[in-house]
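So this block is start03.tsv, TSV, C-alpha atoms:
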chain	number	residue	atom	x	y	z
A	1	GLU	CA	126.16	97.54	-38.45
A	2	ASP	CA	128.51	99.57	-36.29
A	3	GLN	CA	128.64	98.26	-32.74
A	4	VAL	CA	130.40	99.09	-29.48
A	5	THR	CA	130.37	96.65	-26.55
A	6	GLN	CA	131.78	97.18	-23.08
A	7	SER	CA	132.62	94.52	-20.52
A	8	PRO	CA	132.15	93.74	-17.78
A	9	GLU	CA	128.82	95.42	-17.18
A	10	ALA	CA	129.68	95.89	-13.52
A	11	LEU	CA	132.87	95.43	-11.51
A	12	ARG	CA	133.58	95.51	-7.80
A	13	LEU	CA	137.19	95.92	-6.68
A	14	GLN	CA	138.91	96.23	-3.37
A	15	GLU	CA	140.94	99.39	-2.92
A	16	GLY	CA	144.35	98.77	-4.49
A	17	GLU	CA	143.15	95.87	-6.66
A	18	SER	CA	144.13	96.69	-10.24
A	19	SER	CA	141.94	95.64	-13.18
A	20	SER	CA	141.00	96.44	-16.77
A	21	LEU	CA	137.81	97.47	-18.52
A	22	ASN	CA	137.20	96.45	-22.12
A	23	CYS	CA	135.62	98.28	-25.04
A	24	SER	CA	135.24	96.19	-28.20
A	25	TYR	CA	134.12	97.74	-31.43
A	26	THR	CA	133.04	96.72	-34.90
A	27	VAL	CA	132.86	99.83	-37.03
A	28	SER	CA	133.84	100.99	-40.46
A	29	GLY	CA	136.13	103.97	-40.58
A	30	LEU	CA	137.27	104.56	-37.01
A	31	ARG	CA	138.16	108.21	-36.53
A	32	GLY	CA	138.75	108.11	-32.79
A	33	LEU	CA	137.91	106.30	-29.56
A	34	PHE	CA	137.04	108.24	-26.42
A	35	TRP	CA	136.82	107.28	-22.77
A	36	TYR	CA	134.56	109.09	-20.34
A	37	ARG	CA	133.77	108.84	-16.65
A	38	GLN	CA	130.20	109.43	-15.52
A	39	ASP	CA	129.17	109.97	-11.92
A	40	PRO	CA	125.50	109.42	-10.91
A	41	GLY	CA	123.28	112.30	-11.97
A	42	LYS	CA	126.07	113.99	-13.93
A	43	GLY	CA	127.15	114.24	-17.53
A	44	PRO	CA	130.16	112.28	-18.81
A	45	GLU	CA	133.58	113.73	-18.05
A	46	PHE	CA	136.15	113.41	-20.82
A	47	LEU	CA	139.21	111.28	-20.00
A	48	PHE	CA	141.11	110.22	-23.12
A	49	THR	CA	141.14	110.20	-26.90
A	50	LEU	CA	142.89	107.45	-28.86
A	51	TYR	CA	143.26	107.68	-32.61
A	52	SER	CA	145.38	104.77	-33.82
A	53	ALA	CA	146.25	101.20	-32.87
A	54	GLY	CA	149.18	101.04	-30.46
A	55	GLU	CA	148.43	104.43	-28.94
A	56	GLU	CA	148.42	104.76	-25.15
A	57	LYS	CA	147.35	107.59	-22.84
A	58	GLU	CA	147.78	107.91	-19.07
A	59	LYS	CA	146.25	110.04	-16.37
A	60	GLU	CA	146.92	109.35	-12.71
A	61	ARG	CA	145.76	105.78	-12.03
A	62	LEU	CA	144.20	105.33	-15.48
A	63	LYS	CA	145.81	104.13	-18.67
A	64	ALA	CA	143.99	103.66	-21.97
A	65	THR	CA	145.24	101.52	-24.83
A	66	LEU	CA	143.93	100.84	-28.33
A	67	THR	CA	144.15	97.96	-30.80
A	68	LYS	CA	142.37	97.50	-34.10
A	69	LYS	CA	139.42	95.80	-32.43
A	70	GLU	CA	139.30	96.98	-28.83
A	71	SER	CA	140.43	99.39	-26.20
A	72	PHE	CA	141.31	98.77	-22.59
A	73	LEU	CA	141.09	101.12	-19.65
A	74	HIS	CA	143.54	99.91	-17.04
A	75	ILE	CA	143.02	101.06	-13.46
A	76	THR	CA	146.06	100.71	-11.24
A	77	ALA	CA	145.65	100.60	-7.45
A	78	PRO	CA	142.13	102.11	-7.56
A	79	LYS	CA	140.69	104.20	-4.76
A	80	PRO	CA	137.03	104.54	-3.69
A	81	GLU	CA	136.84	107.88	-5.51
A	82	ASP	CA	137.40	106.03	-8.78
A	83	SER	CA	133.94	104.51	-8.41
A	84	ALA	CA	131.85	105.62	-11.40
A	85	THR	CA	130.49	104.40	-14.71
A	86	TYR	CA	133.13	104.37	-17.44
A	87	LEU	CA	131.89	104.87	-20.98
A	88	CYS	CA	133.69	104.46	-24.25
A	89	ALA	CA	132.55	106.09	-27.47
A	90	VAL	CA	133.68	105.46	-31.01
A	91	GLN	CA	133.70	108.18	-33.65
A	92	THR	CA	132.87	107.13	-37.19
A	93	TYR	CA	130.59	109.45	-39.10
A	94	LYS	CA	128.90	109.84	-35.72
A	95	TYR	CA	129.52	109.07	-32.05
A	96	ILE	CA	128.53	105.59	-30.88
A	97	PHE	CA	128.51	104.98	-27.14
A	98	GLY	CA	129.04	101.68	-25.40
A	99	THR	CA	126.74	100.65	-22.58
A	100	GLY	CA	129.33	101.37	-19.90
A	101	THR	CA	131.01	99.57	-17.02
A	102	ARG	CA	129.81	100.42	-13.50
A	103	LEU	CA	132.87	100.33	-11.28
A	104	LYS	CA	132.64	100.16	-7.50
A	105	VAL	CA	135.86	100.37	-5.47
A	106	LEU	CA	135.50	99.28	-1.86
A	107	ALA	CA	137.61	100.75	0.92
B	1	GLY	CA	138.91	124.50	-20.49
B	2	ALA	CA	136.04	123.02	-22.54
B	3	VAL	CA	133.27	123.69	-20.03
B	4	VAL	CA	129.67	123.07	-21.00
B	5	SER	CA	126.87	124.38	-18.80
B	6	GLN	CA	123.35	122.99	-18.90
B	7	HIS	CA	120.32	124.57	-17.27
B	8	PRO	CA	118.11	123.73	-15.48
B	9	SER	CA	119.58	120.70	-13.76
B	10	TRP	CA	116.18	119.49	-12.60
B	11	VAL	CA	112.63	120.31	-13.56
B	12	ILE	CA	109.24	118.95	-12.57
B	13	CYS	CA	106.16	120.03	-14.48
B	14	LYS	CA	102.63	119.03	-15.30
B	15	SER	CA	101.66	117.02	-18.34
B	16	GLY	CA	101.01	119.21	-21.36
B	17	THR	CA	103.59	121.83	-20.40
B	18	SER	CA	106.48	122.79	-22.67
B	19	VAL	CA	109.97	122.78	-21.14
B	20	LYS	CA	113.09	124.51	-22.44
B	21	ILE	CA	116.60	123.29	-21.64
B	22	GLU	CA	119.65	125.43	-22.35
B	23	CYS	CA	123.14	124.25	-23.23
B	24	ARG	CA	126.02	126.72	-23.25
B	25	SER	CA	129.68	126.32	-24.11
B	26	LEU	CA	131.38	128.68	-21.65
B	27	ASP	CA	134.96	128.91	-22.85
B	28	PHE	CA	134.88	127.87	-26.49
B	29	GLN	CA	132.76	128.32	-29.55
B	30	ALA	CA	130.81	125.25	-30.57
B	31	THR	CA	129.68	124.95	-34.15
B	32	THR	CA	128.14	121.59	-33.34
B	33	MET	CA	126.15	120.57	-30.28
B	34	PHE	CA	124.46	117.30	-29.52
B	35	TRP	CA	121.43	116.29	-27.48
B	36	TYR	CA	121.23	112.91	-25.78
B	37	ARG	CA	118.70	111.07	-23.69
B	38	GLN	CA	119.72	108.58	-21.02
B	39	PHE	CA	117.54	106.04	-19.23
B	40	PRO	CA	118.56	104.56	-15.85
B	41	LYS	CA	121.57	102.27	-16.09
B	42	GLN	CA	121.66	102.66	-19.86
B	43	SER	CA	124.01	104.44	-22.17
B	44	LEU	CA	123.47	107.71	-23.96
B	45	MET	CA	121.13	107.74	-26.94
B	46	LEU	CA	121.76	110.46	-29.47
B	47	MET	CA	118.59	112.42	-30.23
B	48	ALA	CA	119.83	115.11	-32.58
B	49	THR	CA	122.82	117.02	-33.85
B	50	SER	CA	122.59	120.77	-33.78
B	51	ASN	CA	124.66	122.97	-36.09
B	52	GLU	CA	124.87	126.70	-35.54
B	53	GLY	CA	122.69	128.60	-37.95
B	54	SER	CA	121.04	125.60	-39.54
B	55	LYS	CA	118.33	123.07	-38.83
B	56	ALA	CA	119.07	120.22	-36.47
B	57	THR	CA	119.50	116.69	-37.74
B	58	TYR	CA	117.33	114.24	-35.82
B	59	GLU	CA	118.03	110.55	-35.28
B	60	GLN	CA	115.56	108.00	-36.54
B	61	GLY	CA	112.56	107.69	-34.25
B	62	VAL	CA	112.96	111.11	-32.63
B	63	GLU	CA	109.99	113.38	-33.23
B	64	LYS	CA	111.23	116.75	-34.44
B	65	ASP	CA	107.93	118.42	-33.60
B	66	LYS	CA	108.11	117.12	-30.03
B	67	PHE	CA	111.77	117.99	-29.44
B	68	LEU	CA	112.51	121.43	-30.89
B	69	ILE	CA	116.17	122.33	-31.15
B	70	ASN	CA	117.58	125.78	-31.78
B	71	HIS	CA	121.27	126.64	-32.15
B	72	ALA	CA	121.19	130.37	-32.72
B	73	SER	CA	124.73	131.20	-31.62
B	74	LEU	CA	128.13	129.55	-31.31
B	75	THR	CA	127.69	129.20	-27.55
B	76	LEU	CA	124.03	128.33	-27.06
B	77	SER	CA	121.71	125.52	-28.09
B	78	THR	CA	118.25	124.92	-26.67
B	79	LEU	CA	116.02	121.87	-26.53
B	80	THR	CA	112.30	122.46	-26.04
B	81	VAL	CA	110.16	119.48	-25.12
B	82	THR	CA	106.73	120.49	-26.33
B	83	SER	CA	103.52	119.32	-24.71
B	84	ALA	CA	105.48	117.01	-22.44
B	85	HIS	CA	103.93	113.81	-21.17
B	86	PRO	CA	105.08	111.32	-18.50
B	87	GLU	CA	106.82	109.16	-21.11
B	88	ASP	CA	109.10	112.12	-21.87
B	89	SER	CA	110.49	111.94	-18.33
B	90	SER	CA	114.19	111.21	-18.61
B	91	PHE	CA	117.72	112.53	-18.16
B	92	TYR	CA	118.66	114.83	-21.04
B	93	ILE	CA	122.31	115.66	-21.66
B	94	CYS	CA	123.87	118.06	-24.13
B	95	SER	CA	127.41	118.13	-25.46
B	96	ALA	CA	129.49	120.45	-27.57
B	97	ARG	CA	132.41	120.00	-29.89
B	98	ALA	CA	134.89	122.77	-30.57
B	99	PRO	CA	135.40	123.96	-34.15
B	100	GLY	CA	137.98	122.15	-36.18
B	101	ALA	CA	138.38	118.48	-36.85
B	102	TRP	CA	135.18	116.57	-36.27
B	103	ASP	CA	137.03	113.75	-34.57
B	104	GLN	CA	137.68	115.90	-31.51
B	105	PRO	CA	136.04	114.85	-28.23
B	106	GLN	CA	132.63	116.04	-27.18
B	107	HIS	CA	132.35	117.84	-23.85
B	108	PHE	CA	129.20	117.29	-21.86
B	109	GLY	CA	126.94	119.30	-19.62
B	110	ASP	CA	125.75	117.90	-16.31
B	111	GLY	CA	122.34	116.96	-17.65
B	112	THR	CA	118.74	117.89	-16.92
B	113	ARG	CA	116.49	115.56	-14.98
B	114	LEU	CA	112.99	116.04	-16.41
B	115	SER	CA	109.98	114.68	-14.52
B	116	ILE	CA	106.52	115.06	-16.00
B	117	LEU	CA	103.62	114.49	-13.63

Can the structure from this file be put into structure tokens for me?
Amino acid sequence: EDQVTQSPEALRLQEGESSSLNCSYTVSGLRGLFWYRQDPGKGPEFLFTLYSAGEEKEKERLKATLTKKESFLHITAPKPEDSATYLCAVQTYKYIFGTGTRLKVLA
Amino acid sequence: GAVVSQHPSWVICKSGTSVKIECRSLDFQATTMFWYRQFPKQSLMLMATSNEGSKATYEQGVEKDKFLINHASLTLSTLTVTSAHPEDSSFYICSARAPGAWDQPQHFGDGTRLSIL
């Protein structure tokens, strides 16, 4: 059965303290992996798409990487405004969402 | 680009009422739209996939007679929760995917908070 798992479930960082979020997947026929940011009471905001192992994408303090089994979202020198839930989704014949990582960055 | 608008953002109604939620792609044409349900601190659960001009495809366990989906144009899909009851209270989110390769990202609306009294 296709499965997507995110870890940790929750993460608290001090401002400036870099870290990584993990998205592990077991699926047949990966067509793409997507990262989203979701603020409370809002819909997910698209961040990145990764299509093949070894691919990397960057946007401001965020960098996403992909291997054959997992993806990482690296956050460099985070700020309080980076606090949100980060979701990954895997595209096979349909979209499968992970359960998310709730990130809190303290000033 | 790729803006999806969802309306209303919040609705409270009495048990037994039917509620319609609209999802519009504002700056692109969406042949496929999706409807999700999200419970507090949980991820998104796909309810149905809506293709323009054809019947929606519902996920297992989702009652098609309870959740009516219409995708009459390339920019509008609607979800009607019929005879809503308190257990239907939830956060409903729509998304749209632009025409072309089906491995393109989905773009999401800001959700509708539905509370049934």

Protein, DNA and RNA residues within 12 Å of (121.0, 129.8, -41.8), only C-alpha atoms, as a VMD selection string: chain B and resid 51 to 56 70 to 73

Kindly determine which residues of chain A lie within 7 Å of chain B, considering all atoms listed in the file, and give the answer as a tab-separated table (two decimals) with C-alpha atoms, in the frame of the given file.
chain	number	residue	atom	x	y	z
A	31	ARG	CA	138.16	108.21	-36.53
A	32	GLY	CA	138.75	108.11	-32.79
A	34	PHE	CA	137.04	108.24	-26.42
A	42	LYS	CA	126.07	113.99	-13.93
A	43	GLY	CA	127.15	114.24	-17.53
A	44	PRO	CA	130.16	112.28	-18.81
A	45	GLU	CA	133.58	113.73	-18.05
A	46	PHE	CA	136.15	113.41	-20.82
A	91	GLN	CA	133.70	108.18	-33.65
A	97	PHE	CA	128.51	104.98	-27.14
A	98	GLY	CA	129.04	101.68	-25.40
A	99	THR	CA	126.74	100.65	-22.58
A	100	GLY	CA	129.33	101.37	-19.90

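Closest approach to A:Leu73 among A:Leu87, A:Ala53, A:Leu106, A:Leu30: A:Leu87, based on all atoms listed in the file.
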
Would you compute the box with edges along x, y and z of the file around stretch 42-57 of chain B, including every atom the file lists for it and 6 Å extra on each side, and give its centre and edge lengths in Å to one decimal, as lines of an AutoDock Vina configuration file?
center_x = 121.6
center_y = 115.6
center_z = -29.7
size_x = 18.5
size_y = 37.9
size_z = 31.7

Selection: 6 Å around stretch 59-64 of chain A, only C-alpha atoms, excl. self and same-chain fewer than 6 positions, as an MDAnalysis selection string: chainID A and resid 72:76

Could you please take those selected residues and save C-alpha atoms as a PDB file, in the frame of the given file?
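Listing of again.pdb after writing:
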ATOM      1  CA  PHE A  72     141.310  98.770 -22.590  1.00  0.00           C
ATOM      2  CA  LEU A  73     141.090 101.120 -19.650  1.00  0.00           C
ATOM      3  CA  HIS A  74     143.540  99.910 -17.040  1.00  0.00           C
ATOM      4  CA  ILE A  75     143.020 101.060 -13.460  1.00  0.00           C
ATOM      5  CA  THR A  76     146.060 100.710 -11.240  1.00  0.00           C
TER       6      THR A  76
END
